[in-house]
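Trainee: final_2.tsv is reproduced in full below (TSV, C-alpha atoms).
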chain	number	residue	atom	x	y	z
A	1	MET	CA	164.03	41.16	177.16
A	2	ARG	CA	162.34	38.58	174.95
A	3	PHE	CA	161.28	39.33	171.38
A	4	CYS	CA	159.54	37.52	168.53
A	5	PHE	CA	160.41	38.69	165.01
A	6	ILE	CA	157.80	37.74	162.42
A	7	VAL	CA	159.72	37.54	159.15
A	8	GLU	CA	157.90	36.65	155.95
A	9	GLU	CA	159.60	34.65	153.23
A	10	GLN	CA	160.57	37.56	150.98
A	11	TYR	CA	162.57	39.22	153.77
A	12	ARG	CA	164.28	36.05	155.01
A	13	ARG	CA	167.16	36.69	152.61
A	14	GLU	CA	167.31	40.46	153.14
A	15	PRO	CA	169.29	42.21	155.91
A	16	MET	CA	166.36	44.01	157.52
A	17	PRO	CA	165.05	43.08	160.04
A	18	LEU	CA	167.26	40.06	160.82
A	19	VAL	CA	170.28	42.29	161.46
A	20	ILE	CA	168.21	43.88	164.25
A	21	ALA	CA	167.42	40.47	165.70
A	22	ASP	CA	171.14	39.58	165.60
A	23	GLN	CA	172.08	42.83	167.35
A	24	LEU	CA	169.57	42.23	170.13
A	25	LEU	CA	170.96	38.71	170.57
A	26	GLN	CA	174.48	40.13	170.86
A	27	TRP	CA	173.25	42.48	173.57
A	28	GLY	CA	172.01	39.52	175.58
A	29	HIS	CA	168.32	39.55	174.76
A	30	THR	CA	166.29	36.56	173.63
A	31	VAL	CA	164.98	36.61	170.08
A	32	ASP	CA	162.84	34.02	168.29
A	33	VAL	CA	162.21	34.23	164.55
A	34	LEU	CA	158.76	33.18	163.37
A	35	GLU	CA	158.35	32.41	159.66
A	36	PRO	CA	154.60	32.23	158.89
A	37	GLN	CA	155.03	30.43	155.56
A	38	SER	CA	156.88	27.50	157.16
A	39	MET	CA	155.66	27.34	160.76
A	40	VAL	CA	152.36	26.56	162.47
A	41	VAL	CA	151.46	29.16	165.10
A	42	CYS	CA	149.42	28.10	168.11
A	43	LEU	CA	147.16	31.04	168.87
A	44	SER	CA	145.92	29.50	172.11
A	45	ASP	CA	149.14	30.04	174.02
A	46	LEU	CA	150.53	33.33	172.70
A	47	LEU	CA	150.79	34.73	176.22
A	48	GLU	CA	152.66	31.70	177.50
A	49	HIS	CA	155.76	32.49	175.43
A	50	GLY	CA	156.39	35.57	177.59
A	51	TYR	CA	157.41	37.90	174.75
A	52	ASP	CA	157.93	41.54	175.65
A	53	ALA	CA	157.13	42.56	172.08
A	54	TYR	CA	156.47	41.29	168.57
A	55	VAL	CA	158.24	42.88	165.59
A	56	LEU	CA	156.93	42.42	162.04
A	57	LYS	CA	158.43	42.81	158.58
A	58	THR	CA	155.51	42.10	156.29
A	59	LEU	CA	154.25	42.06	152.75
A	60	SER	CA	151.03	43.92	152.02
A	61	ASP	CA	149.04	40.71	151.69
A	62	GLY	CA	151.27	38.43	153.77
A	63	PRO	CA	150.17	36.31	156.75
A	64	GLY	CA	152.39	37.98	159.33
A	65	LEU	CA	150.03	40.84	160.06
A	66	SER	CA	147.29	38.46	161.22
A	67	ILE	CA	149.68	36.95	163.76
A	68	LEU	CA	150.77	40.40	164.92
A	69	GLU	CA	147.13	41.44	165.38
A	70	ALA	CA	146.46	38.27	167.35
A	71	ALA	CA	149.37	39.06	169.68
A	72	GLU	CA	148.16	42.63	170.06
A	73	ALA	CA	144.63	41.40	170.80
A	74	VAL	CA	145.82	39.40	173.82
A	75	GLY	CA	147.82	42.34	175.19
A	76	ILE	CA	151.35	41.78	173.86
A	77	PRO	CA	153.08	44.98	172.65
A	78	THR	CA	153.90	45.17	168.93
A	79	ILE	CA	156.33	47.31	166.93
A	80	ASN	CA	154.68	48.92	164.96
A	81	HIS	CA	151.00	48.81	165.93
A	82	SER	CA	148.96	46.61	163.62
A	83	ARG	CA	146.50	49.40	162.78
A	84	ALA	CA	149.37	51.66	161.70
A	85	ILE	CA	150.83	48.91	159.53
A	86	ARG	CA	147.47	48.28	157.85
A	87	LEU	CA	147.03	51.98	157.15
A	88	VAL	CA	150.31	52.26	155.25
A	89	ARG	CA	150.39	48.80	153.66
A	90	ASP	CA	147.44	49.49	151.38
A	91	LYS	CA	148.72	52.43	149.36
A	92	ALA	CA	145.19	53.54	148.47
A	93	VAL	CA	144.20	53.76	152.13
A	94	ALA	CA	147.47	55.49	153.04
A	95	ALA	CA	147.07	58.14	150.32
A	96	ALA	CA	143.46	58.92	151.29
A	97	PHE	CA	144.22	58.95	155.01
A	98	ALA	CA	147.27	61.20	154.62
A	99	ARG	CA	145.48	63.61	152.29
A	100	ALA	CA	142.50	63.82	154.67
A	101	HIS	CA	144.90	64.83	157.45
A	102	GLY	CA	146.49	67.62	155.44
A	103	MET	CA	149.60	65.86	154.19
A	104	PRO	CA	150.96	67.04	150.79
A	105	ILE	CA	149.96	64.01	148.68
A	106	PRO	CA	149.70	64.50	144.87
A	107	PRO	CA	146.26	63.88	143.33
A	108	THR	CA	145.81	60.11	143.41
A	109	TYR	CA	143.35	57.75	141.72
A	110	PHE	CA	142.41	54.16	142.54
A	111	VAL	CA	142.39	52.00	139.42
A	112	ALA	CA	140.98	48.47	139.53
A	113	HIS	CA	142.38	47.60	136.08
A	114	PRO	CA	144.89	49.35	133.77
A	115	ARG	CA	142.24	49.77	131.05
A	116	LEU	CA	140.56	52.35	133.32
A	117	LEU	CA	143.59	54.66	133.23
A	118	LYS	CA	142.12	56.39	130.19
A	119	GLN	CA	139.49	57.93	132.47
A	120	ILE	CA	142.06	60.03	134.33
A	121	PRO	CA	141.78	63.75	133.44
A	122	LEU	CA	144.30	65.04	130.94
A	123	GLU	CA	145.39	67.82	133.28
A	124	ASP	CA	146.75	65.27	135.75
A	125	TYR	CA	149.33	63.93	133.27
A	126	PRO	CA	152.10	62.88	133.50
A	127	ILE	CA	151.07	60.16	135.95
A	128	VAL	CA	152.88	57.47	137.90
A	129	VAL	CA	151.19	54.07	138.03
A	130	LYS	CA	152.04	51.62	140.82
A	131	PRO	CA	150.45	48.62	142.57
A	132	SER	CA	148.26	49.56	145.54
A	133	ASN	CA	149.94	46.78	147.53
A	134	GLY	CA	153.43	47.41	146.16
A	135	SER	CA	156.77	47.29	147.93
A	136	SER	CA	160.49	47.62	147.20
A	137	CYS	CA	159.84	50.02	144.27
A	138	ARG	CA	158.50	47.26	142.01
A	139	GLY	CA	155.97	47.79	139.23
A	140	ILE	CA	156.25	51.59	138.95
A	141	TYR	CA	155.62	53.25	135.58
A	142	ARG	CA	155.57	56.86	134.38
A	143	ILE	CA	153.06	57.71	131.65
A	144	ASN	CA	153.51	61.10	130.05
A	145	SER	CA	150.28	61.23	128.03
A	146	PRO	CA	147.11	59.22	127.37
A	147	GLU	CA	148.59	58.16	124.02
A	148	GLU	CA	151.18	56.08	125.86
A	149	LEU	CA	148.46	53.96	127.46
A	150	THR	CA	147.99	51.87	124.32
A	151	ALA	CA	151.58	50.63	124.53
A	152	LEU	CA	151.55	50.05	128.28
A	153	GLU	CA	151.83	46.44	129.44
A	154	ILE	CA	151.65	45.98	133.19
A	155	ALA	CA	152.85	42.56	134.27
A	156	GLU	CA	151.10	42.78	137.63
A	157	GLU	CA	147.64	43.57	136.25
A	158	ASN	CA	146.16	40.23	137.33
A	159	ASP	CA	147.68	40.30	140.80
A	160	SER	CA	146.76	43.70	142.22
A	161	PHE	CA	144.88	46.96	141.94
A	162	PHE	CA	146.70	50.18	141.11
A	163	LEU	CA	147.20	53.78	142.04
A	164	ALA	CA	147.69	56.50	139.47
A	165	GLN	CA	149.34	59.56	140.94
A	166	ARG	CA	150.17	62.86	139.31
A	167	TYR	CA	153.90	63.10	138.65
A	168	GLU	CA	155.16	66.23	140.37
A	169	GLU	CA	158.11	67.97	138.72
A	170	ASN	CA	160.98	67.81	141.19
A	171	THR	CA	164.73	68.07	141.76
A	172	GLY	CA	165.40	64.72	140.06
A	173	PHE	CA	165.79	62.44	143.06
A	174	ASP	CA	163.71	60.95	145.85
A	175	ILE	CA	164.32	61.93	149.45
A	176	LYS	CA	163.93	59.01	151.82
A	177	LEU	CA	163.14	60.04	155.38
A	178	TYR	CA	163.93	57.31	157.91
A	179	VAL	CA	162.41	57.67	161.36
A	180	THR	CA	162.74	55.96	164.73
A	181	GLY	CA	160.58	57.78	167.25
A	182	GLN	CA	161.76	61.40	167.11
A	183	GLU	CA	165.04	60.74	165.28
A	184	VAL	CA	164.93	61.51	161.55
A	185	PHE	CA	167.50	61.02	158.77
A	186	ALA	CA	167.27	62.19	155.15
A	187	VAL	CA	168.91	60.21	152.34
A	188	ALA	CA	168.95	61.05	148.62
A	189	LYS	CA	167.76	57.87	146.91
A	190	LYS	CA	167.45	56.49	143.40
A	191	SER	CA	164.12	55.11	142.22
A	192	PRO	CA	162.65	53.56	139.07
A	193	LEU	CA	161.84	57.10	137.90
A	194	HIS	CA	165.20	58.55	138.99
A	195	PRO	CA	167.75	55.75	138.52
A	196	ASP	CA	170.88	57.85	138.03
A	197	VAL	CA	171.30	59.23	141.52
A	198	ASP	CA	174.36	59.32	143.75
A	199	GLU	CA	172.79	58.11	146.99
A	200	HIS	CA	174.01	60.04	150.01
A	201	LEU	CA	173.01	61.33	153.44
A	202	MET	CA	171.42	64.78	153.21
A	203	PRO	CA	171.16	67.65	155.68
A	204	LEU	CA	167.85	67.41	157.51
A	205	THR	CA	165.94	70.66	157.06
A	206	PRO	CA	163.28	71.77	159.55
A	207	ALA	CA	160.61	71.25	156.86
A	208	LEU	CA	161.72	67.65	156.22
A	209	ARG	CA	161.84	66.87	159.92
A	210	LYS	CA	158.39	68.36	160.57
A	211	LEU	CA	156.87	66.47	157.66
A	212	ALA	CA	158.38	63.16	158.81
A	213	LEU	CA	157.19	63.57	162.40
A	214	ASP	CA	153.74	64.74	161.30
A	215	VAL	CA	153.33	61.54	159.27
A	216	GLY	CA	154.41	59.44	162.25
A	217	LYS	CA	151.94	61.22	164.51
A	218	ILE	CA	149.04	60.88	162.08
A	219	PHE	CA	149.65	57.18	161.37
A	220	GLU	CA	150.88	56.38	164.92
A	221	LEU	CA	154.05	54.75	163.59
A	222	ASP	CA	157.21	54.09	165.61
A	223	ILE	CA	159.68	52.84	162.99
A	224	TYR	CA	158.92	54.01	159.46
A	225	GLY	CA	160.02	55.74	156.29
A	226	LEU	CA	158.53	58.06	153.73
A	227	ASP	CA	159.50	58.92	150.17
A	228	VAL	CA	159.39	62.62	149.45
A	229	VAL	CA	160.16	64.80	146.43
A	230	GLU	CA	160.89	68.50	146.44
A	231	THR	CA	158.66	70.33	143.96
A	232	PRO	CA	158.27	74.02	143.04
A	233	GLN	CA	155.18	74.01	145.29
A	234	GLY	CA	157.04	72.45	148.23
A	235	LEU	CA	157.53	68.93	149.56
A	236	ALA	CA	155.27	66.11	148.32
A	237	VAL	CA	154.88	62.70	149.96
A	238	ILE	CA	154.75	59.88	147.43
A	239	ASP	CA	154.98	56.81	149.67
A	240	ILE	CA	154.91	55.75	153.33
A	241	ASN	CA	156.13	52.42	154.66
A	242	ASP	CA	156.65	50.65	157.95
A	243	PHE	CA	160.04	49.20	158.95
A	244	PRO	CA	162.10	50.32	155.90
A	245	SER	CA	165.71	49.34	155.11
A	246	PHE	CA	167.40	52.41	156.71
A	247	GLY	CA	169.97	52.28	153.93
A	248	GLY	CA	172.52	55.08	154.21
A	249	VAL	CA	171.71	55.90	157.84
A	250	PRO	CA	174.80	55.99	160.10
A	251	ARG	CA	174.84	53.20	162.71
A	252	ALA	CA	171.46	52.10	161.37
A	253	VAL	CA	171.48	48.66	163.02
A	254	ALA	CA	172.36	50.02	166.45
A	255	ARG	CA	169.91	52.91	166.16
A	256	VAL	CA	166.96	50.74	165.17
A	257	SER	CA	167.86	48.08	167.75
A	258	GLU	CA	168.06	50.69	170.50
A	259	TYR	CA	164.67	52.03	169.50
A	260	VAL	CA	163.10	48.56	169.49
A	261	LEU	CA	164.31	48.19	173.09
A	262	HIS	CA	163.04	51.65	173.96
A	263	ALA	CA	159.61	50.97	172.45
A	264	ALA	CA	159.33	47.62	174.23
A	265	LYS	CA	160.30	49.13	177.59
A	266	ARG	CA	157.89	52.02	177.06
A	267	ALA	CA	155.10	49.57	176.32
A	268	GLU	CA	155.94	47.61	179.47
A	269	MET	CA	155.83	50.80	181.57
A	270	GLN	CA	152.50	51.76	180.02
A	271	ARG	CA	151.12	48.30	180.70
A	272	THR	CA	152.31	48.41	184.33
A	273	ALA	CA	150.80	51.87	184.80
A	274	ARG	CA	147.52	50.68	183.28
A	275	ILE	CA	147.39	47.69	185.64
A	276	ARG	CA	148.03	49.97	188.63
A	277	ARG	CA	145.30	52.39	187.55
A	278	ASN	CA	142.82	49.55	187.17
A	279	LEU	CA	143.81	48.18	190.57
A	280	ARG	CA	143.30	51.58	192.19
A	281	ARG	CA	139.87	51.90	190.56
A	282	ARG	CA	138.82	48.45	191.76
A	283	THR	CA	140.10	49.16	195.27
A	284	ALA	CA	138.26	52.48	195.37
A	285	ALA	CA	135.06	50.83	194.14
A	286	ILE	CA	135.29	48.11	196.80
A	287	GLU	CA	135.95	50.67	199.55
A	288	LYS	CA	132.99	52.73	198.40
A	289	LYS	CA	130.71	49.68	198.61
A	290	THR	CA	131.93	48.71	202.10
A	291	GLN	CA	131.79	52.20	203.62
A	292	PRO	CA	128.72	52.80	205.82
A	293	ASN	CA	126.22	55.37	204.67
A	294	THR	CA	127.13	58.37	206.88
A	295	ALA	CA	123.66	59.89	206.65
A	296	VAL	CA	122.00	56.71	207.82
A	297	SER	CA	124.62	56.21	210.54
A	298	GLY	CA	124.05	59.72	211.83
A	299	LEU	CA	120.28	59.21	211.90
A	300	GLN	CA	120.64	55.96	213.79
A	301	SER	CA	122.90	57.65	216.36
A	302	ALA	CA	120.35	60.39	216.89
A	303	ILE	CA	117.60	57.84	217.51
Mind turning the file's structure into structure tokens?

Mentor:
Amino acid sequence: MRFCFIVEEQYRREPMPLVIADQLLQWGHTVDVLEPQSMVVCLSDLLEHGYDAYVLKTLSDGPGLSILEAAEAVGIPTINHSRAIRLVRDKAVAAAFARAHGMPIPPTYFVAHPRLLKQIPLEDYPIVVKPSNGSSCRGIYRINSPEELTALEIAEENDSFFLAQRYEENTGFDIKLYVTGQEVFAVAKKSPLHPDVDEHLMPLTPALRKLALDVGKIFELDIYGLDVVETPQGLAVIDINDFPSFGGVPRAVARVSEYVLHAAKRAEMQRTARIRRNLRRRTAAIEKKTQPNTAVSGLQSAI
């Protein structure tokens, strides 16, 4: 099969997703790497490259998603779908969308500027403040009371908007759920709020598995991750992301590579089935137009 990996500059020096591209090459597939910040992309001949699928590792405001959407618009399969990526890339949209679909998201506020944090109700403290377009756990702050706001200096305040989310008391570590299709792994992870954690693979409980698959179904994601904490009230989702690192997952490179192949082949089968259905409809429509009107034919015979 033939793949195009769209890799933005920040991820060019990180293992994911280039290790997946290397694995597919080793298995005999063709892989091209497209770097939007350093390459001109001719949109007029996207179909002529003959790619079976595009794969994207993107920043929230990076250029790669536009290219992925262009490929999708001309009928080339993408992993993940561009709409799903957009839904999770803007953390404000993801939080609202997940909450509206019954996911356990803590109370969350959109904040255009840090000075507005003082408007958040006292009962929602402590809060966690993070960029609405954040990634890789950067720019995350815990604020225990409104009094701490006066001393807060957020370096990113001129570059992004923010979310303020109620901090839910929990077991003291984040649970990262990594998903490819229906396969789910749980890993105990450190975070800016829980830095002293021995990261390790965890047993996957039925509740964790159901939550992970529910998120995938709602957002229509194929390869994704979600950050979860276990609170006295149950599990709470604090972040959702497309194409995560899969750190700590056994045979992660092979598993993700196998799923990329599976998703591409599934898309090809769906496309072939769609073409056949359309062909059958056109054939049936033509036959209906060319068939004689039986009532008229019978009348003519009688005359």

Trainee: Using only C-alpha atoms, determine which residues lie at most 12 Å from Arg266 in chain A, disregarding the query and same-chain residues fewer than 4 positions distant; provide the list as a list in words.

Mentor: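 After dropping sequence-adjacent residues, the list is Asp52, Ala53, Pro77, Thr78, Ile79, Gly181, Asp222, Tyr259, Val260, Leu261, His262, Gln270, Arg271, Thr272 and Ala273 of chain A.
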
Trainee: Taking only C-alpha atoms into account, which of A:Ala284, A:Gly102, A:Glu14, A:Val179 comes nearest Phe246 in chain A?

Mentor: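 Selected residue with least distance to Phe246 in chain A: A:Val179.
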
Trainee: Skipping near chain neighbours, those fewer than 5 positions away, what residues fall within 9 Å of Pro126 in chain A using all atoms listed in the file, listed as a PyMOL selection string?

Mentor: chain A and resi 142-146+165-168

Trainee: In terms of the shortest atom-to-atom distance over only C-alpha atoms, which of A:Arg89, A:His29, A:Lys217, A:Lys130 is closest to Tyr109 in chain A?

Mentor: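 That would be A:Lys130, the residue with the smallest distance to Tyr109 in chain A.
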
Trainee: Which residues are close to Glu230 in chain A, i.e. within 6 Å by all atoms listed in the file, leaving aside same-chain residues fewer than 2 positions away? Reply as a PyMOL selection string.

Mentor: chain A and resi 170+234-235

Trainee: Calculate how many Å separate CA of Arg280 in chain A from CA of Ala70 in chain A, rounding to one decimal.

Mentor: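 So the two atoms, CA of Arg280 in chain A and CA of Ala70 in chain A, lie 28.4 Å apart.
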
Trainee: Do a neighbour search on range 208-214 of chain A at 7 Å with all atoms listed in the file, toss out local chain neighbours closer than 3 positions, and write the hits as a PyMOL selection string.

Mentor: chain A and resi 177+182+184+204-205+217-218

Trainee: Suppose you want the space between CA of Arg12 in chain A and CA of Arg83 in chain A; what is it in Å?

Mentor: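 Computing the Euclidean distance for CA of Arg12 in chain A and CA of Arg83 in chain A yields 23.6 Å.
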